[in-house]
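Reproduced below: structure_27.cif, with mmCIF, C-alpha atoms and all ligand atoms.
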```cif
data_entry
#
loop_
_atom_site.label_atom_id
_atom_site.label_comp_id
_atom_site.auth_asym_id
_atom_site.auth_seq_id
_atom_site.Cartn_x
_atom_site.Cartn_y
_atom_site.Cartn_z
CA MET A 1 81.80 -90.76 -80.13
CA MET A 2 83.71 -89.23 -77.23
CA ILE A 3 84.10 -85.49 -77.61
CA THR A 4 87.57 -84.53 -76.51
CA LYS A 5 87.87 -81.01 -77.81
CA SER A 6 85.85 -77.83 -77.51
CA GLU A 7 85.97 -74.37 -78.98
CA LEU A 8 85.35 -71.00 -77.37
CA TYR A 9 83.75 -67.97 -79.01
CA ILE A 10 83.95 -64.56 -77.31
CA HIS A 11 81.72 -61.75 -78.51
CA ILE A 12 82.79 -58.10 -78.30
CA PRO A 13 79.77 -56.10 -79.51
CA PHE A 14 81.38 -52.68 -79.91
CA CYS A 15 82.02 -50.82 -83.17
CA VAL A 16 83.07 -47.27 -83.96
CA ARG A 17 79.87 -46.89 -85.97
CA LYS A 18 77.44 -49.11 -87.79
CA CYS A 19 78.18 -50.10 -91.41
CA LEU A 20 75.18 -49.64 -93.71
CA TYR A 21 74.70 -53.36 -94.41
CA CYS A 22 75.33 -54.67 -90.91
CA ASP A 23 72.80 -56.67 -88.91
CA PHE A 24 75.30 -58.13 -86.44
CA LEU A 25 74.88 -57.51 -82.74
CA SER A 26 77.11 -54.44 -82.59
CA PHE A 27 76.93 -50.79 -81.54
CA ASN A 28 78.97 -47.88 -80.26
CA ALA A 29 79.54 -47.47 -76.52
CA ASP A 30 81.47 -45.22 -74.15
CA GLU A 31 84.65 -46.32 -72.39
CA LYS A 32 82.90 -46.92 -69.07
CA THR A 33 80.40 -49.29 -70.67
CA LYS A 34 83.21 -51.19 -72.38
CA GLU A 35 85.00 -51.60 -69.06
CA LYS A 36 81.86 -52.83 -67.34
CA TYR A 37 81.24 -55.23 -70.21
CA ILE A 38 84.72 -56.72 -69.86
CA ASP A 39 84.09 -57.22 -66.11
CA ALA A 40 80.92 -59.15 -66.93
CA LEU A 41 82.59 -61.09 -69.72
CA CYS A 42 85.44 -62.19 -67.45
CA GLU A 43 82.91 -63.32 -64.86
CA GLU A 44 81.15 -65.44 -67.49
CA LEU A 45 84.42 -66.82 -68.87
CA MET A 46 85.49 -67.85 -65.39
CA PHE A 47 82.19 -69.67 -64.87
CA ILE A 48 82.28 -71.47 -68.23
CA GLY A 49 85.91 -72.47 -67.72
CA LYS A 50 85.38 -73.81 -64.22
CA GLU A 51 81.86 -75.23 -64.39
CA ARG A 52 80.94 -76.11 -67.96
CA CYS A 53 83.90 -76.79 -70.16
CA LYS A 54 85.33 -80.20 -69.33
CA THR A 55 87.80 -80.52 -72.21
CA SER A 56 90.72 -78.57 -73.56
CA LEU A 57 90.15 -75.86 -76.18
CA SER A 58 91.38 -76.42 -79.70
CA SER A 59 90.48 -72.87 -80.71
CA VAL A 60 89.33 -69.51 -79.42
CA PHE A 61 87.69 -66.93 -81.66
CA ILE A 62 87.25 -63.34 -80.47
CA GLY A 63 84.69 -61.80 -82.80
CA GLY A 64 82.28 -58.95 -82.96
CA GLY A 65 81.54 -56.19 -83.51
CA THR A 66 85.08 -54.94 -83.62
CA PRO A 67 87.15 -56.48 -80.82
CA SER A 68 90.04 -54.18 -81.72
CA VAL A 69 88.12 -51.06 -80.58
CA LEU A 70 88.93 -52.14 -77.03
CA PRO A 71 92.04 -50.70 -75.43
CA ALA A 72 94.85 -53.28 -75.60
CA ASP A 73 94.90 -53.83 -71.83
CA GLN A 74 91.26 -54.94 -71.87
CA MET A 75 91.97 -57.53 -74.53
CA VAL A 76 94.98 -58.72 -72.53
CA ARG A 77 92.67 -59.06 -69.51
CA VAL A 78 90.23 -61.19 -71.54
CA MET A 79 93.04 -63.44 -72.74
CA ASP A 80 94.50 -63.74 -69.21
CA CYS A 81 91.08 -64.81 -68.01
CA VAL A 82 90.87 -67.45 -70.77
CA LYS A 83 94.32 -68.80 -69.94
CA GLU A 84 93.60 -68.92 -66.19
CA ASN A 85 90.26 -70.71 -66.49
CA PHE A 86 90.58 -73.01 -69.50
CA THR A 87 93.12 -75.52 -70.74
CA LEU A 88 94.30 -74.53 -74.19
CA ASP A 89 95.87 -77.10 -76.51
CA HIS A 90 99.55 -76.30 -77.03
CA ASP A 91 98.78 -75.51 -80.69
CA ALA A 92 95.37 -73.89 -80.12
CA GLU A 93 94.31 -71.43 -82.82
CA VAL A 94 93.43 -68.10 -81.19
CA THR A 95 91.84 -65.66 -83.64
CA MET A 96 90.88 -62.06 -83.11
CA GLU A 97 88.85 -59.96 -85.55
CA CYS A 98 90.32 -56.54 -86.24
CA ASN A 99 89.07 -53.69 -88.31
CA PRO A 100 91.50 -51.41 -90.12
CA GLY A 101 91.64 -48.00 -88.53
CA THR A 102 91.29 -49.35 -84.99
CA VAL A 103 94.75 -50.88 -84.48
CA ASP A 104 98.37 -49.78 -84.37
CA GLU A 105 101.70 -51.50 -83.80
CA GLU A 106 101.46 -51.26 -80.02
CA LYS A 107 98.08 -52.95 -79.95
CA MET A 108 99.24 -55.67 -82.33
CA LYS A 109 102.31 -56.37 -80.19
CA ALA A 110 100.11 -56.65 -77.11
CA TYR A 111 97.75 -59.08 -78.87
CA PHE A 112 100.64 -61.24 -80.04
CA ALA A 113 102.29 -61.24 -76.62
CA CYS A 114 99.10 -62.34 -74.83
CA GLY A 115 98.64 -65.44 -76.99
CA ILE A 116 96.51 -64.36 -79.95
CA ASN A 117 98.06 -66.07 -82.98
CA ARG A 118 95.65 -65.35 -85.84
CA ILE A 119 94.24 -62.03 -87.03
CA SER A 120 91.16 -61.67 -89.19
CA PHE A 121 90.88 -58.31 -90.93
CA GLY A 122 87.56 -57.00 -92.22
CA LEU A 123 88.77 -55.24 -95.37
CA GLN A 124 85.95 -55.94 -97.91
CA SER A 125 87.42 -53.93 -100.81
CA VAL A 126 90.64 -52.19 -101.90
CA HIS A 127 88.60 -49.35 -103.44
CA ASP A 128 87.87 -46.39 -101.18
CA ASP A 129 84.68 -45.47 -103.04
CA GLU A 130 83.28 -48.98 -102.41
CA LEU A 131 84.32 -48.84 -98.73
CA LYS A 132 82.52 -45.54 -98.45
CA LYS A 133 79.37 -46.99 -100.00
CA LEU A 134 79.43 -49.77 -97.40
CA GLY A 135 79.76 -47.18 -94.62
CA ARG A 136 83.10 -48.65 -93.49
CA ILE A 137 85.19 -46.42 -91.22
CA HIS A 138 88.49 -47.06 -92.99
CA THR A 139 90.31 -46.58 -96.28
CA TYR A 140 92.52 -49.09 -98.08
CA GLU A 141 95.55 -47.15 -96.85
CA ASP A 142 94.35 -47.68 -93.25
CA PHE A 143 94.18 -51.40 -93.95
CA LEU A 144 97.74 -51.42 -95.30
CA LYS A 145 99.02 -49.77 -92.13
CA SER A 146 97.10 -52.22 -89.92
CA TYR A 147 98.29 -55.19 -91.98
CA GLU A 148 101.89 -54.04 -91.76
CA ALA A 149 101.54 -53.56 -88.00
CA ALA A 150 100.24 -57.14 -87.66
CA VAL A 151 103.13 -58.54 -89.72
CA LYS A 152 105.69 -56.51 -87.76
CA ALA A 153 104.23 -57.77 -84.48
CA GLY A 154 104.88 -61.34 -85.63
CA PHE A 155 101.54 -62.56 -87.01
CA THR A 156 101.93 -65.03 -89.86
CA ASN A 157 98.39 -66.42 -89.84
CA ILE A 158 96.24 -63.60 -91.20
CA ASN A 159 92.82 -63.71 -92.82
CA VAL A 160 91.34 -60.97 -94.98
CA ASP A 161 87.55 -60.74 -95.46
CA LEU A 162 86.43 -59.53 -98.88
CA MET A 163 82.99 -58.75 -100.24
CA SER A 164 81.43 -58.99 -103.67
CA ASP A 165 78.13 -57.45 -104.83
CA ILE A 166 78.99 -54.09 -103.27
CA PRO A 167 76.90 -51.24 -104.73
CA GLY A 168 78.65 -49.86 -107.78
CA GLN A 169 81.12 -52.78 -107.94
CA SER A 170 82.12 -54.17 -111.35
CA VAL A 171 83.80 -57.38 -112.43
CA ASP A 172 86.99 -55.36 -112.99
CA SER A 173 86.97 -53.76 -109.55
CA TRP A 174 86.33 -57.16 -107.87
CA THR A 175 89.20 -58.66 -109.87
CA LYS A 176 91.46 -55.84 -108.71
CA THR A 177 90.42 -56.36 -105.08
CA LEU A 178 91.20 -60.09 -105.26
CA ARG A 179 94.53 -59.68 -107.04
CA THR A 180 95.71 -56.77 -104.89
CA VAL A 181 95.09 -58.70 -101.69
CA CYS A 182 96.74 -61.87 -103.05
CA GLU A 183 99.80 -59.81 -103.99
CA LEU A 184 100.29 -58.31 -100.52
CA LYS A 185 103.78 -58.94 -99.15
CA PRO A 186 103.62 -61.26 -97.29
CA SER A 187 100.40 -62.62 -98.70
CA PRO A 188 97.59 -63.47 -96.26
CA ALA A 189 97.26 -67.12 -95.21
CA HIS A 190 93.49 -67.10 -95.66
CA ILE A 191 90.84 -65.20 -97.62
CA SER A 192 87.09 -65.20 -97.00
CA ALA A 193 85.06 -64.02 -99.97
CA TYR A 194 81.39 -63.44 -99.20
CA SER A 195 78.67 -61.79 -101.26
CA LEU A 196 76.77 -58.87 -99.80
CA ILE A 197 73.41 -59.92 -98.40
CA VAL A 198 70.89 -57.12 -97.96
CA GLU A 199 69.49 -57.85 -94.50
CA GLU A 200 66.12 -56.66 -93.25
CA GLY A 201 66.21 -53.65 -90.98
CA THR A 202 69.51 -52.25 -92.29
CA PRO A 203 69.89 -48.91 -94.11
CA PHE A 204 70.74 -50.94 -97.24
CA ALA A 205 67.35 -52.68 -97.06
CA GLU A 206 65.65 -49.31 -96.88
CA MET A 207 67.69 -48.03 -99.83
CA ALA A 208 66.85 -51.19 -101.80
CA ASP A 209 63.13 -50.67 -101.11
CA GLU A 210 63.43 -47.13 -102.43
CA GLY A 211 65.30 -48.36 -105.51
CA LYS A 212 68.44 -46.48 -104.46
CA LEU A 213 70.84 -49.41 -104.03
CA ASP A 214 72.80 -50.04 -107.22
CA ILE A 215 74.01 -53.59 -106.46
CA PRO A 216 75.38 -55.59 -109.41
CA ASP A 217 72.78 -57.51 -111.44
CA GLU A 218 72.51 -61.30 -111.29
CA ASP A 219 74.74 -61.95 -114.31
CA THR A 220 77.51 -59.81 -112.85
CA ASP A 221 77.04 -61.47 -109.46
CA ARG A 222 77.44 -64.94 -111.04
CA GLU A 223 80.47 -63.84 -113.05
CA MET A 224 82.17 -62.49 -109.92
CA TYR A 225 81.28 -65.63 -107.99
CA HIS A 226 82.64 -67.97 -110.66
CA MET A 227 85.90 -66.11 -111.22
CA THR A 228 86.77 -65.93 -107.52
CA SER A 229 88.03 -69.47 -107.03
CA GLY A 230 89.97 -69.34 -110.33
CA ILE A 231 91.83 -66.15 -109.39
CA LEU A 232 92.51 -67.27 -105.83
CA SER A 233 93.82 -70.65 -106.98
CA GLU A 234 96.35 -68.86 -109.23
CA TYR A 235 97.87 -67.49 -106.02
CA GLY A 236 97.86 -70.81 -104.17
CA TYR A 237 94.60 -70.51 -102.25
CA GLY A 238 92.54 -73.69 -102.11
CA ARG A 239 88.81 -73.46 -101.68
CA TYR A 240 87.80 -75.57 -98.68
CA GLU A 241 84.35 -74.16 -97.98
CA ILE A 242 81.73 -72.35 -100.05
CA SER A 243 83.22 -68.91 -99.26
CA ASN A 244 86.59 -69.70 -97.70
CA TYR A 245 90.03 -70.12 -99.25
CA ALA A 246 93.37 -70.89 -97.63
CA LYS A 247 97.01 -71.58 -98.29
CA LYS A 248 97.84 -75.23 -97.55
CA GLY A 249 97.37 -76.03 -93.86
CA ARG A 250 95.96 -72.58 -93.05
CA GLU A 251 92.24 -73.43 -93.07
CA CYS A 252 90.46 -71.77 -90.15
CA ARG A 253 90.34 -74.52 -87.54
CA HIS A 254 87.67 -72.74 -85.51
CA ASN A 255 85.22 -72.61 -88.41
CA LEU A 256 86.07 -76.17 -89.43
CA GLY A 257 85.03 -77.11 -85.91
CA TYR A 258 81.62 -75.44 -86.34
CA TRP A 259 81.08 -77.16 -89.65
CA THR A 260 81.96 -80.56 -88.26
CA GLY A 261 79.78 -80.30 -85.17
CA VAL A 262 82.27 -79.89 -82.30
CA THR A 263 81.17 -78.60 -78.90
CA TYR A 264 81.48 -74.85 -78.56
CA TYR A 265 80.93 -72.40 -75.76
CA GLY A 266 79.95 -68.82 -76.43
CA ALA A 267 80.71 -65.99 -74.00
CA GLY A 268 79.46 -62.43 -74.26
CA LEU A 269 76.37 -60.64 -75.48
CA GLY A 270 74.18 -62.76 -77.78
CA ALA A 271 76.80 -65.52 -78.00
CA ALA A 272 75.63 -69.00 -78.97
CA SER A 273 76.78 -72.29 -77.43
CA TYR A 274 76.37 -75.93 -78.35
CA TYR A 275 77.08 -78.60 -75.78
CA GLU A 276 75.51 -81.80 -74.46
CA GLY A 277 73.39 -81.90 -77.62
CA CYS A 278 71.69 -78.55 -76.84
CA ARG A 279 71.91 -75.10 -78.31
CA PHE A 280 71.87 -72.05 -76.05
CA THR A 281 71.96 -68.30 -76.68
CA ASN A 282 72.96 -65.51 -74.34
CA THR A 283 70.69 -62.50 -74.01
CA SER A 284 71.22 -59.68 -76.52
CA GLU A 285 70.18 -57.03 -73.96
CA LEU A 286 73.35 -55.31 -72.82
CA SER A 287 72.02 -54.23 -69.39
CA VAL A 288 70.57 -57.70 -68.69
CA TYR A 289 73.87 -59.34 -69.62
CA MET A 290 75.97 -56.96 -67.55
CA ASP A 291 73.73 -57.46 -64.49
CA ASP A 292 73.97 -61.24 -64.66
CA PRO A 293 76.39 -62.60 -67.25
CA ILE A 294 76.11 -66.17 -65.98
CA ASP A 295 72.38 -66.80 -65.99
CA SER A 296 71.19 -64.58 -68.86
CA PHE A 297 70.95 -67.32 -71.45
CA LYS A 298 68.18 -69.50 -72.77
CA LEU A 299 67.95 -73.02 -74.09
CA ASP A 300 67.05 -72.75 -77.78
CA GLU A 301 66.64 -76.40 -78.53
CA LYS A 302 67.68 -79.88 -77.62
CA LEU A 303 68.72 -81.55 -80.84
CA THR A 304 67.13 -84.87 -81.68
CA ASN A 305 69.12 -87.51 -83.47
CA ALA A 306 67.33 -86.54 -86.69
CA ASP A 307 68.40 -82.89 -86.17
CA LYS A 308 72.00 -83.96 -85.64
CA MET A 309 72.03 -86.10 -88.79
CA SER A 310 70.54 -83.23 -90.77
CA GLU A 311 73.19 -80.84 -89.42
CA PHE A 312 75.95 -83.29 -90.20
CA MET A 313 74.88 -83.19 -93.85
CA ILE A 314 74.14 -79.47 -94.16
CA LEU A 315 77.33 -78.31 -92.46
CA GLY A 316 79.49 -81.08 -93.93
CA LEU A 317 78.41 -80.32 -97.49
CA ARG A 318 79.54 -76.71 -97.04
CA LEU A 319 83.06 -78.12 -97.10
CA THR A 320 84.54 -78.91 -100.48
CA LYS A 321 85.77 -82.27 -99.13
CA GLY A 322 82.16 -83.07 -98.19
CA VAL A 323 80.99 -85.78 -95.83
CA ASP A 324 82.37 -89.19 -94.93
CA PRO A 325 79.78 -92.00 -94.81
CA ALA A 326 82.01 -93.94 -92.37
CA GLU A 327 82.01 -91.00 -89.97
CA PHE A 328 78.23 -90.76 -90.27
CA LYS A 329 77.96 -94.45 -89.35
CA GLU A 330 80.32 -94.04 -86.41
CA ARG A 331 78.40 -91.07 -85.05
CA PHE A 332 74.84 -92.19 -85.61
CA CYS A 333 75.13 -96.00 -85.87
CA ARG A 334 73.20 -95.84 -89.13
CA ASP A 335 74.15 -96.11 -92.78
CA LEU A 336 74.17 -92.81 -94.62
CA SER A 337 72.58 -94.51 -97.63
CA GLY A 338 69.79 -95.85 -95.44
CA VAL A 339 68.93 -92.38 -94.11
CA TYR A 340 69.61 -90.10 -97.09
CA GLY A 341 70.13 -92.55 -99.97
CA ARG A 342 67.22 -91.22 -102.02
CA GLU A 343 68.35 -87.58 -101.82
CA ILE A 344 71.99 -88.44 -102.51
CA GLU A 345 71.14 -90.54 -105.57
CA ARG A 346 68.85 -87.80 -106.95
CA PHE A 347 71.55 -85.13 -106.63
CA LYS A 348 74.18 -87.43 -108.08
CA ALA A 349 71.92 -87.98 -111.10
CA GLU A 350 71.47 -84.22 -111.44
CA GLY A 351 75.25 -83.69 -111.31
CA LEU A 352 75.11 -81.75 -108.03
CA LEU A 353 76.77 -84.36 -105.77
CA ILE A 354 79.61 -86.74 -106.47
CA GLU A 355 81.22 -89.61 -104.55
CA GLU A 356 85.02 -89.58 -104.69
CA ASN A 357 87.65 -91.27 -102.54
CA GLY A 358 84.99 -92.51 -100.18
CA ARG A 359 83.50 -89.06 -99.53
CA ILE A 360 80.41 -87.33 -100.91
CA HIS A 361 80.72 -83.70 -101.89
CA LEU A 362 79.14 -80.97 -103.99
CA THR A 363 80.27 -80.68 -107.61
CA GLU A 364 81.12 -77.26 -109.15
CA LYS A 365 77.50 -77.05 -110.24
CA GLY A 366 76.38 -78.22 -106.79
CA LEU A 367 78.41 -75.47 -105.09
CA ASP A 368 76.51 -73.01 -107.24
CA LEU A 369 73.18 -74.48 -106.10
CA ALA A 370 74.27 -75.29 -102.55
CA ASN A 371 71.16 -73.85 -100.89
CA HIS A 372 68.90 -75.97 -103.05
CA VAL A 373 70.87 -79.12 -102.14
CA MET A 374 70.97 -78.29 -98.39
CA GLN A 375 67.19 -77.82 -98.33
CA ALA A 376 66.70 -81.50 -99.11
CA PHE A 377 68.56 -82.51 -95.94
CA ILE A 378 66.51 -80.37 -93.57
S1 LIG A 401 82.54 -53.40 -88.49
FE1 LIG A 401 81.47 -55.36 -88.76
S2 LIG A 401 80.23 -55.62 -86.93
FE2 LIG A 401 80.89 -53.48 -86.98
S3 LIG A 401 79.22 -52.40 -87.95
FE3 LIG A 401 80.67 -52.92 -89.58
S4 LIG A 401 79.99 -54.92 -90.37
FE4 LIG A 401 78.95 -54.57 -88.41
#
```

Would you write out, as structure tokens, the structure that this file holds?
Amino acid sequence: MMITKSELYIHIPFCVRKCLYCDFLSFNADEKTKEKYIDALCEELMFIGKERCKTSLSSVFIGGGTPSVLPADQMVRVMDCVKENFTLDHDAEVTMECNPGTVDEEKMKAYFACGINRISFGLQSVHDDELKKLGRIHTYEDFLKSYEAAVKAGFTNINVDLMSDIPGQSVDSWTKTLRTVCELKPSPAHISAYSLIVEEGTPFAEMADEGKLDIPDEDTDREMYHMTSGILSEYGYGRYEISNYAKKGRECRHNLGYWTGVTYYGAGLGAASYYEGCRFTNTSELSVYMDDPIDSFKLDEKLTNADKMSEFMILGLRLTKGVDPAEFKERFCRDLSGVYGREIERFKAEGLLIEENGRIHLTEKGLDLANHVMQAFI
């Protein structure tokens, strides 16, 4: 299959301070370091745009870290560099992650004017005590101001990230978080609802080891998980991926690209790329990256056909619409039933997979046991 579209991810690793659960590549830095980083990033973007990327971009995602900690003019510089060195589709989705407490109306206007057309807010909870427990820098009031600034600047495509399983969280407080966000005026176009994962090496992992992390028990976790899609559907949000919900037509195109195996280029510290059937990762050493932003990457793996088929299944089954056997045949010149027939039939018999309208997808029960199902396709 000819690949005609690519995506671009840009990593901004800076944050005001580290949240207690965070294991992303992010840290605080002084203004001079940020400026030097943007110089290096622009150099890399120019190289990717001119030498590697041979197609137009259907989406750009500026993530972090907290991209909005940068002064507005630096973000404008990054976007100018993208526009000068890449061809963007006329309707390209250009997302930027923002954290409440790091943006104001001026910044939002500058983002909108330079071509960013989608904002993703990391809110997590509408309860200040829960935000404090997570070590977030902002309050719910800060979020409201940032949200209002985004709307005033002209953004209509806004995502809000929410988190369940926060220490001290109850079913009632999670319900209130979901409903409060759905009732914002105007309501967000997209909601991501993830559960907290206690990652190794974080302060939360240490607290858990010492028995000091009061995360909800498994029954509460399951109750919160099951009620989420019901509440969000009341407000018109359709679930299209395990943890992602959107108003009609507002699914995140960038993430859909990842899940359906499009080519993507990553720029910035630790950014990952996938092109010509290979996966690459940039260095995560800041000084190494800033010294040589073009050559500080390594080849992680060249995917075999078997790897690609496995990915097609694992990523495709994350989507509620599932996978299309005809697409599998077109991509790999093999019948899906011939390669994975045994697994598919077993999960169908167990009520975890179903075939509907020519596609194979997880059932409600299958969504619940998604990891177990995915394992079989590795
Ligand atoms: S804002 Fe996001 S990236 Fe930054 S420390 Fe918190 S969780 Fe990590």

Near range 190-196 of chain A, counting all atoms listed in the file, which residues have an atom at most 6 Å away, once you skip same-chain residues fewer than 5 positions from it, shown as a ChimeraX atom specification? /A:159-165,243-246

Restricting the output to C-alpha atoms, write the selected residues as a short mmCIF file (atom, residue, chain, number, x, y, z; two decimals), in the frame of the given file.
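File produced: again33.cif:
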```cif
data_model
loop_
_atom_site.label_atom_id
_atom_site.label_comp_id
_atom_site.auth_asym_id
_atom_site.auth_seq_id
_atom_site.Cartn_x
_atom_site.Cartn_y
_atom_site.Cartn_z
CA ASN A 159 92.82 -63.71 -92.82
CA VAL A 160 91.34 -60.97 -94.98
CA ASP A 161 87.55 -60.74 -95.46
CA LEU A 162 86.43 -59.53 -98.88
CA MET A 163 82.99 -58.75 -100.24
CA SER A 164 81.43 -58.99 -103.67
CA ASP A 165 78.13 -57.45 -104.83
CA SER A 243 83.22 -68.91 -99.26
CA ASN A 244 86.59 -69.70 -97.70
CA TYR A 245 90.03 -70.12 -99.25
CA ALA A 246 93.37 -70.89 -97.63
#
```

In terms of the shortest atom-to-atom distance over only C-alpha atoms and all ligand atoms, which of A:Asp89, A:Glu199, A:Glu106, A:Glu31 is closest to ligand LIG 401 (chain A)?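 Between A:Asp89, A:Glu199, A:Glu106, A:Glu31, the residue approaching ligand LIG 401 (chain A) most closely is A:Glu199.
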
Using all atoms listed in the file, what are the residues with an atom within 8 Å of ligand LIG 401 (chain A), set out as an NGL selection string? :A and (13-27 or 64-66 or 99 or 122 or 135-137)

Of A:Phe61, A:Tyr147, A:Tyr237, A:Tyr258, the one nearest to His11 in chain A when counting all atoms listed in the file is A:Phe61

Pick from A:Leu367, A:Ile166, A:Ile62, A:Ile215 nearest to Val126 in chain A, counting all atoms listed in the file: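 Of all the options, A:Ile166 lies closest to Val126 in chain A.
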
Within 8 Å of Lys247 in chain A using all atoms listed in the file, minus same-chain residues under 3 positions, as a PyMOL selection string: chain A and resi 189-190+236-238+250-251

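If all atoms listed in the file are the atoms counted, then among A:Leu286, A:Val151, A:Ile378, A:Met227 the closest residue to Lys34 in chain A is A:Leu286.
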
Would you write out, as JSON lines, a table of all residues in range 158-181 of chain A that have an atom no more than 9 Å from an atom of range 200-214 of chain A, listing for each the closest atom pair and the distance in Å to one decimal, considering only C-alpha atoms and ordering rows by chain and rising residue number?
```
{"residue": "A:Ile166", "atom": "CA", "partner": "A:Asp214", "partner_atom": "CA", "distance": 8.4}
{"residue": "A:Pro167", "atom": "CA", "partner": "A:Asp214", "partner_atom": "CA", "distance": 4.9}
{"residue": "A:Gly168", "atom": "CA", "partner": "A:Asp214", "partner_atom": "CA", "distance": 5.9}
{"residue": "A:Gln169", "atom": "CA", "partner": "A:Asp214", "partner_atom": "CA", "distance": 8.8}
```

As a PyMOL selection string, please: the residues near Leu353 in chain A (cut-off 6 Å, only C-alpha atoms, same-chain neighbours under 2 positions excluded). chain A and resi 347-348+351+361-363

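The two atoms in question, CA of Lys152 in chain A and CA of Arg253 in chain A, are spaced 23.7 Å apart.
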